[in-house]
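To start, the structure itself, in structure tokens.
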Amino acid sequence: MFPPAAFDVDAAMKTLVLALDLVGTFVFALSGAAAGVERRLDLFGVLVLSFAASSSGGIFRDLLIGATPPAAISDWRYLAVSLSAGVFTFFWYPAINRLRSAVLIFDGAGLAVFCVSGAQKAIFFGLDPVMAALLGMLTGIGGGMVRDVLLSDVPVVLRSDIYALAALAGAAVVVIGDALRFPSVATTCTGAALCFGLRLAAIRHGWH
Amino acid sequence: MFPPAAFDVDAAMKTLVLALDLVGTFVFALSGAAAGVERRLDLFGVLVLSFAASSSGGIFRDLLIGATPPAAISDWRYLAVSLSAGVFTFFWYPAINRLRSAVLIFDGAGLAVFCVSGAQKAIFFGLDPVMAALLGMLTGIGGGMVRDVLLSDVPVVLRSDIYALAALAGAAVVVIGDALRFPSVATTCTGAALCFGLRLAAIRHGWH
Amino acid sequence: MFPPAAFDVDAAMKTLVLALDLVGTFVFALSGAAAGVERRLDLFGVLVLSFAASSSGGIFRDLLIGATPPAAISDWRYLAVSLSAGVFTFFWYPAINRLRSAVLIFDGAGLAVFCVSGAQKAIFFGLDPVMAALLGMLTGIGGGMVRDVLLSDVPVVLRSDIYALAALAGAAVVVIGDALRFPSVATTCTGAALCFGLRLAAIRHGWH
């Protein structure tokens, strides 16, 4: 009578995206908090950097497409996850520091998720394909840029091409897939995998 | 027949909040202008810093909750007050400098007003209680952060917990009071008094 | 039967403004890209600075007046022009460097166009005259401020009064003309010419 399978796929997709989004938020928050601890900020400063690093990209995207209030502001789970990462980093910084390569890998996963979810949301709000791909990239890299500006540094991403290009490639897969009317589950997963693979290859081979 | 008292209280409240808001704008503008004069900017730069320090917090809040154009842009009084403070500081910097402890106290008053008015506005626009409290805090501390970023410094507030915590405490009183349906005049005054008291105690005892 | 002349003037005006807007975007993008090359950023960083320098002013204006998504995001031509300028600068930096005084002159033209088009758009969205003039100025100077903040510098415009004042003067002509109901073609051209003339005079005489 009605297509339960399609519904299930949709629901599964939403759950998957939310879960990945929260993982991305967590690892980006770790990177912001670690940068704060290294600058000897105290707890509040570390928490601000956690939230800024994990949520600024999505907040920029939502402001630009007119989706106010942004998800990072209206859904408490993003805040809870980024503050948890900040508190954890503040009190157990040596543990984070030992896990640095693990954090890098999670960070790649966060970048992969954010670039595809950002592109999907921009398409949904009716943006041009090229702009949707760029907003996907911005969602992935914006948080790190704000983190660095708050610490009075030149954003790392401006010096590291491959990081942003991986995000752009992932977002482009989503946008092209959407233009060709491929199923969005498939293009989202492919885009995220491409971004993640590029990022891992860059880490392994020391590409900038 | 109809409750004139309630209306009067409301009107008195609005007038009070507007008056306090403008006082807050003035003292935050003083802090921005003083930072500009110390960096030897000329008049225009000092005025930009006055406006940025006094209005960025409210502008961020209004962009995030979707209240465009922001009050600082649509109501000329905010601009007039912040430019007056900038001109005054530019030409009579020694006087401001002598009054520094008075400025610190006014700045505490500004923080107190902005955190409660920010939280009230966020509640009015339907945000979650936790997010409303955080937006109240952001309204209080956002201007100082933009001032420091424009001067290429790490924002002072990231190094001084108590400043932001005072703002968060004041905003939290408003949000909790709203959840318990206490009258908003009472919670607004209590929240502002708590924030102001914490800030004065921190100044007196040299807490960071 | 109907006023074809008026329509033609309107259409010619729109084409003129769009053409000038794209010229302004191009030269501001050149300034952002040149700043990036001087800091030895690689291609991606240079392109980000191109886009940020050419489009941030208009994006700020559009966010503040609630015109989302901003024109720089929804119209691909702005992006194409700013990326072209970035690629050109990255590969032929010596040529740009030799043309520096030409770039300064084009930059003055860009400032002139952006301040009047920004003021027109703000008036159209119903802002106060004073605020419309300031938003016109912000449209002109915002891109350079973001460029400098991303490079962790104090924005040049904070140290150079005449640059911002030229933009404010141009925007003020548009706003005053609108209040007096002068034809917008005339006020737009007069405002742009005033801003451009002030900027050229400042360059020639070394005013700051």
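Identifiers for the structure tokens are assigned positionally: chains receive A, B, ... in sequence, residues are indexed from 1 per chain, and ligands are indexed from 1 in the order shown.
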
List every residue of chain A that DSSP, applied to the backbone of this structure, assigns to helix (DSSP H, G or I), and report them as a PyMOL selection string. chain A and resi 4-38+43-65+71-74+76-91+93-98+100-124+129-150+156-159+161-179+184-205

Any chance you could dump chain C, least-squares fitted to chain B on all C-alpha atoms in order, as an mmCIF file with C-alpha atoms, in the first residue's frame?
data_model
loop_
_atom_site.group_PDB
_atom_site.id
_atom_site.type_symbol
_atom_site.label_atom_id
_atom_site.label_comp_id
_atom_site.auth_asym_id
_atom_site.auth_seq_id
_atom_site.Cartn_x
_atom_site.Cartn_y
_atom_site.Cartn_z
ATOM 1 C CA MET C 1 -12.160 46.883 33.510
ATOM 2 C CA PHE C 2 -8.623 46.237 32.307
ATOM 3 C CA PRO C 3 -5.396 45.874 34.226
ATOM 4 C CA PRO C 4 -3.679 49.243 33.994
ATOM 5 C CA ALA C 5 -1.150 48.241 36.634
ATOM 6 C CA ALA C 6 0.130 45.351 34.531
ATOM 7 C CA PHE C 7 0.440 47.647 31.555
ATOM 8 C CA ASP C 8 2.309 50.210 33.603
ATOM 9 C CA VAL C 9 4.695 47.582 34.920
ATOM 10 C CA ASP C 10 5.320 46.388 31.391
ATOM 11 C CA ALA C 11 5.918 49.893 30.104
ATOM 12 C CA ALA C 12 8.119 50.753 33.074
ATOM 13 C CA MET C 13 10.026 47.517 32.502
ATOM 14 C CA LYS C 14 10.573 48.329 28.830
ATOM 15 C CA THR C 15 11.765 51.809 29.648
ATOM 16 C CA LEU C 16 14.053 50.428 32.325
ATOM 17 C CA VAL C 17 15.507 47.784 30.008
ATOM 18 C CA LEU C 18 16.009 50.311 27.219
ATOM 19 C CA ALA C 19 17.709 52.756 29.594
ATOM 20 C CA LEU C 20 19.966 50.048 30.996
ATOM 21 C CA ASP C 21 20.657 48.750 27.484
ATOM 22 C CA LEU C 22 21.836 52.175 26.422
ATOM 23 C CA VAL C 23 23.990 52.493 29.549
ATOM 24 C CA GLY C 24 25.490 49.095 28.719
ATOM 25 C CA THR C 25 26.066 50.180 25.126
ATOM 26 C CA PHE C 26 27.789 53.339 26.334
ATOM 27 C CA VAL C 27 30.212 51.641 28.708
ATOM 28 C CA PHE C 28 31.046 48.807 26.312
ATOM 29 C CA ALA C 29 31.686 51.452 23.642
ATOM 30 C CA LEU C 30 34.042 53.189 26.086
ATOM 31 C CA SER C 31 35.993 49.951 26.495
ATOM 32 C CA GLY C 32 36.258 49.465 22.721
ATOM 33 C CA ALA C 33 37.291 53.071 22.140
ATOM 34 C CA ALA C 34 39.891 52.972 24.922
ATOM 35 C CA ALA C 35 41.422 49.834 23.394
ATOM 36 C CA GLY C 36 41.582 51.637 20.043
ATOM 37 C CA VAL C 37 43.213 54.756 21.482
ATOM 38 C CA GLU C 38 45.803 52.598 23.247
ATOM 39 C CA ARG C 39 46.695 51.079 19.871
ATOM 40 C CA ARG C 40 47.002 54.628 18.449
ATOM 41 C CA LEU C 41 44.185 54.194 15.939
ATOM 42 C CA ASP C 42 42.783 57.417 14.548
ATOM 43 C CA LEU C 43 39.228 58.654 14.984
ATOM 44 C CA PHE C 44 37.515 56.380 12.495
ATOM 45 C CA GLY C 45 39.188 53.251 13.809
ATOM 46 C CA VAL C 46 38.233 54.232 17.350
ATOM 47 C CA LEU C 47 34.599 54.699 16.311
ATOM 48 C CA VAL C 48 34.519 51.312 14.591
ATOM 49 C CA LEU C 49 35.848 49.674 17.734
ATOM 50 C CA SER C 50 33.288 51.549 19.854
ATOM 51 C CA PHE C 51 30.455 50.253 17.746
ATOM 52 C CA ALA C 52 31.893 46.737 17.438
ATOM 53 C CA ALA C 53 32.498 46.393 21.171
ATOM 54 C CA SER C 54 29.080 47.702 22.151
ATOM 55 C CA SER C 55 26.909 46.065 19.515
ATOM 56 C CA SER C 56 28.474 42.845 18.245
ATOM 57 C CA GLY C 57 27.076 40.731 21.063
ATOM 58 C CA GLY C 58 23.525 41.818 20.339
ATOM 59 C CA ILE C 59 24.047 41.556 16.582
ATOM 60 C CA PHE C 60 25.299 37.969 16.902
ATOM 61 C CA ARG C 61 22.302 37.107 19.074
ATOM 62 C CA ASP C 62 19.846 38.665 16.645
ATOM 63 C CA LEU C 63 21.410 36.947 13.618
ATOM 64 C CA LEU C 64 21.347 33.587 15.401
ATOM 65 C CA ILE C 65 17.701 33.842 16.433
ATOM 66 C CA GLY C 66 16.690 35.265 13.055
ATOM 67 C CA ALA C 67 15.666 38.710 14.319
ATOM 68 C CA THR C 68 16.852 40.737 11.325
ATOM 69 C CA PRO C 69 17.638 43.541 11.016
ATOM 70 C CA PRO C 70 19.301 43.488 14.475
ATOM 71 C CA ALA C 71 18.222 46.106 16.986
ATOM 72 C CA ALA C 72 21.670 47.734 16.888
ATOM 73 C CA ILE C 73 21.135 48.357 13.169
ATOM 74 C CA SER C 74 17.476 49.302 13.129
ATOM 75 C CA ASP C 75 17.400 51.611 16.179
ATOM 76 C CA TRP C 76 19.579 54.698 15.718
ATOM 77 C CA ARG C 77 19.903 55.307 19.463
ATOM 78 C CA TYR C 78 22.364 52.440 19.907
ATOM 79 C CA LEU C 79 24.552 53.877 17.200
ATOM 80 C CA ALA C 80 24.321 57.427 18.565
ATOM 81 C CA VAL C 81 25.296 56.263 22.038
ATOM 82 C CA SER C 82 28.244 54.186 20.901
ATOM 83 C CA LEU C 83 29.599 56.871 18.582
ATOM 84 C CA SER C 84 29.268 59.479 21.354
ATOM 85 C CA ALA C 85 31.290 57.250 23.648
ATOM 86 C CA GLY C 86 33.893 56.832 20.909
ATOM 87 C CA VAL C 87 34.232 60.558 20.221
ATOM 88 C CA PHE C 88 34.390 61.319 23.923
ATOM 89 C CA THR C 89 37.100 58.726 24.479
ATOM 90 C CA PHE C 90 39.113 59.861 21.475
ATOM 91 C CA PHE C 91 39.281 63.473 22.627
ATOM 92 C CA TRP C 92 39.363 62.991 26.391
ATOM 93 C CA TYR C 93 41.260 59.758 26.767
ATOM 94 C CA PRO C 94 43.124 60.894 29.915
ATOM 95 C CA ALA C 95 39.779 61.460 31.652
ATOM 96 C CA ILE C 96 38.604 57.959 30.737
ATOM 97 C CA ASN C 97 41.895 56.557 31.875
ATOM 98 C CA ARG C 98 41.611 58.238 35.298
ATOM 99 C CA LEU C 99 38.072 56.870 35.634
ATOM 100 C CA ARG C 100 39.204 53.373 34.834
ATOM 101 C CA SER C 101 37.779 51.809 37.977
ATOM 102 C CA ALA C 102 34.510 53.656 37.367
ATOM 103 C CA VAL C 103 34.526 52.304 33.825
ATOM 104 C CA LEU C 104 35.070 48.789 35.158
ATOM 105 C CA ILE C 105 32.038 49.189 37.388
ATOM 106 C CA PHE C 106 29.892 50.546 34.550
ATOM 107 C CA ASP C 107 31.179 47.715 32.376
ATOM 108 C CA GLY C 108 29.926 45.260 34.974
ATOM 109 C CA ALA C 109 26.547 47.008 34.824
ATOM 110 C CA GLY C 110 26.561 46.713 31.044
ATOM 111 C CA LEU C 111 27.394 43.024 31.229
ATOM 112 C CA ALA C 112 24.570 42.528 33.739
ATOM 113 C CA VAL C 113 22.017 44.253 31.537
ATOM 114 C CA PHE C 114 23.091 42.619 28.301
ATOM 115 C CA CYS C 115 23.076 39.082 29.677
ATOM 116 C CA VAL C 116 19.518 39.357 31.023
ATOM 117 C CA SER C 117 18.126 41.252 28.047
ATOM 118 C CA GLY C 118 19.793 38.772 25.686
ATOM 119 C CA ALA C 119 18.297 35.819 27.529
ATOM 120 C CA GLN C 120 14.826 37.426 27.542
ATOM 121 C CA LYS C 121 14.961 38.036 23.802
ATOM 122 C CA ALA C 122 16.128 34.472 23.093
ATOM 123 C CA ILE C 123 13.276 33.051 25.214
ATOM 124 C CA PHE C 124 10.847 35.292 23.374
ATOM 125 C CA PHE C 125 12.070 33.836 20.068
ATOM 126 C CA GLY C 126 11.374 30.336 21.315
ATOM 127 C CA LEU C 127 14.828 28.956 22.049
ATOM 128 C CA ASP C 128 15.578 26.129 24.467
ATOM 129 C CA PRO C 129 16.281 27.276 28.021
ATOM 130 C CA VAL C 130 19.935 26.188 27.903
ATOM 131 C CA MET C 131 20.485 27.920 24.580
ATOM 132 C CA ALA C 132 18.677 31.043 25.780
ATOM 133 C CA ALA C 133 21.068 31.231 28.743
ATOM 134 C CA LEU C 134 24.069 30.805 26.452
ATOM 135 C CA LEU C 135 22.774 33.442 24.042
ATOM 136 C CA GLY C 136 22.356 35.778 27.019
ATOM 137 C CA MET C 137 25.985 35.146 27.889
ATOM 138 C CA LEU C 138 27.008 35.659 24.253
ATOM 139 C CA THR C 139 25.150 38.982 24.165
ATOM 140 C CA GLY C 140 27.211 40.077 27.156
ATOM 141 C CA ILE C 141 30.632 38.860 26.042
ATOM 142 C CA GLY C 142 30.407 38.949 22.212
ATOM 143 C CA GLY C 143 31.278 42.622 21.850
ATOM 144 C CA GLY C 144 34.522 42.297 23.779
ATOM 145 C CA MET C 145 35.490 39.249 21.720
ATOM 146 C CA VAL C 146 35.037 41.095 18.412
ATOM 147 C CA ARG C 147 36.955 44.085 19.810
ATOM 148 C CA ASP C 148 39.903 41.819 20.626
ATOM 149 C CA VAL C 149 39.782 39.898 17.332
ATOM 150 C CA LEU C 150 39.809 43.173 15.361
ATOM 151 C CA LEU C 151 42.904 44.212 17.321
ATOM 152 C CA SER C 152 44.463 40.814 16.554
ATOM 153 C CA ASP C 153 44.469 39.738 20.210
ATOM 154 C CA VAL C 154 43.216 36.557 21.820
ATOM 155 C CA PRO C 155 39.879 37.624 23.400
ATOM 156 C CA VAL C 156 40.408 38.548 27.049
ATOM 157 C CA VAL C 157 37.259 36.676 28.054
ATOM 158 C CA LEU C 158 38.874 33.388 27.007
ATOM 159 C CA ARG C 159 41.444 33.969 29.750
ATOM 160 C CA SER C 160 39.050 35.231 32.419
ATOM 161 C CA ASP C 161 36.472 32.677 33.493
ATOM 162 C CA ILE C 162 34.620 34.758 36.018
ATOM 163 C CA TYR C 163 33.621 37.423 33.490
ATOM 164 C CA ALA C 164 31.720 34.977 31.322
ATOM 165 C CA LEU C 165 30.455 32.969 34.266
ATOM 166 C CA ALA C 166 28.922 36.090 35.797
ATOM 167 C CA ALA C 167 27.072 36.696 32.526
ATOM 168 C CA LEU C 168 25.977 33.063 32.351
ATOM 169 C CA ALA C 169 24.720 33.144 35.945
ATOM 170 C CA GLY C 170 22.649 36.257 35.278
ATOM 171 C CA ALA C 171 21.174 34.772 32.114
ATOM 172 C CA ALA C 172 20.480 31.480 33.894
ATOM 173 C CA VAL C 173 18.413 33.251 36.551
ATOM 174 C CA VAL C 174 16.211 34.727 33.826
ATOM 175 C CA VAL C 175 15.793 31.380 32.082
ATOM 176 C CA ILE C 176 15.062 29.421 35.252
ATOM 177 C CA GLY C 177 12.671 32.113 36.409
ATOM 178 C CA ASP C 178 10.885 31.928 33.083
ATOM 179 C CA ALA C 179 10.618 28.132 33.282
ATOM 180 C CA LEU C 180 9.094 28.483 36.769
ATOM 181 C CA ARG C 181 6.768 31.242 35.450
ATOM 182 C CA PHE C 182 8.046 33.827 37.899
ATOM 183 C CA PRO C 183 7.267 37.417 36.882
ATOM 184 C CA SER C 184 9.866 38.522 34.372
ATOM 185 C CA VAL C 185 10.473 41.871 36.062
ATOM 186 C CA ALA C 186 11.622 40.100 39.205
ATOM 187 C CA THR C 187 13.816 37.542 37.456
ATOM 188 C CA THR C 188 15.356 40.152 35.189
ATOM 189 C CA CYS C 189 16.314 42.338 38.130
ATOM 190 C CA THR C 190 17.576 39.376 40.163
ATOM 191 C CA GLY C 191 19.641 38.048 37.246
ATOM 192 C CA ALA C 192 21.176 41.423 36.546
ATOM 193 C CA ALA C 193 21.939 41.958 40.232
ATOM 194 C CA LEU C 194 23.586 38.536 40.508
ATOM 195 C CA CYS C 195 25.773 39.143 37.457
ATOM 196 C CA PHE C 196 26.711 42.636 38.645
ATOM 197 C CA GLY C 197 27.476 41.405 42.152
ATOM 198 C CA LEU C 198 29.684 38.559 40.908
ATOM 199 C CA ARG C 199 31.527 40.945 38.623
ATOM 200 C CA LEU C 200 32.092 43.507 41.405
ATOM 201 C CA ALA C 201 33.290 40.801 43.757
ATOM 202 C CA ALA C 202 35.689 39.555 41.101
ATOM 203 C CA ILE C 203 37.072 43.068 40.561
ATOM 204 C CA ARG C 204 37.417 43.717 44.294
ATOM 205 C CA HIS C 205 39.125 40.410 45.032
ATOM 206 C CA GLY C 206 41.150 40.161 41.823
ATOM 207 C CA TRP C 207 39.522 36.886 40.723
ATOM 208 C CA HIS C 208 40.083 35.683 37.192
#
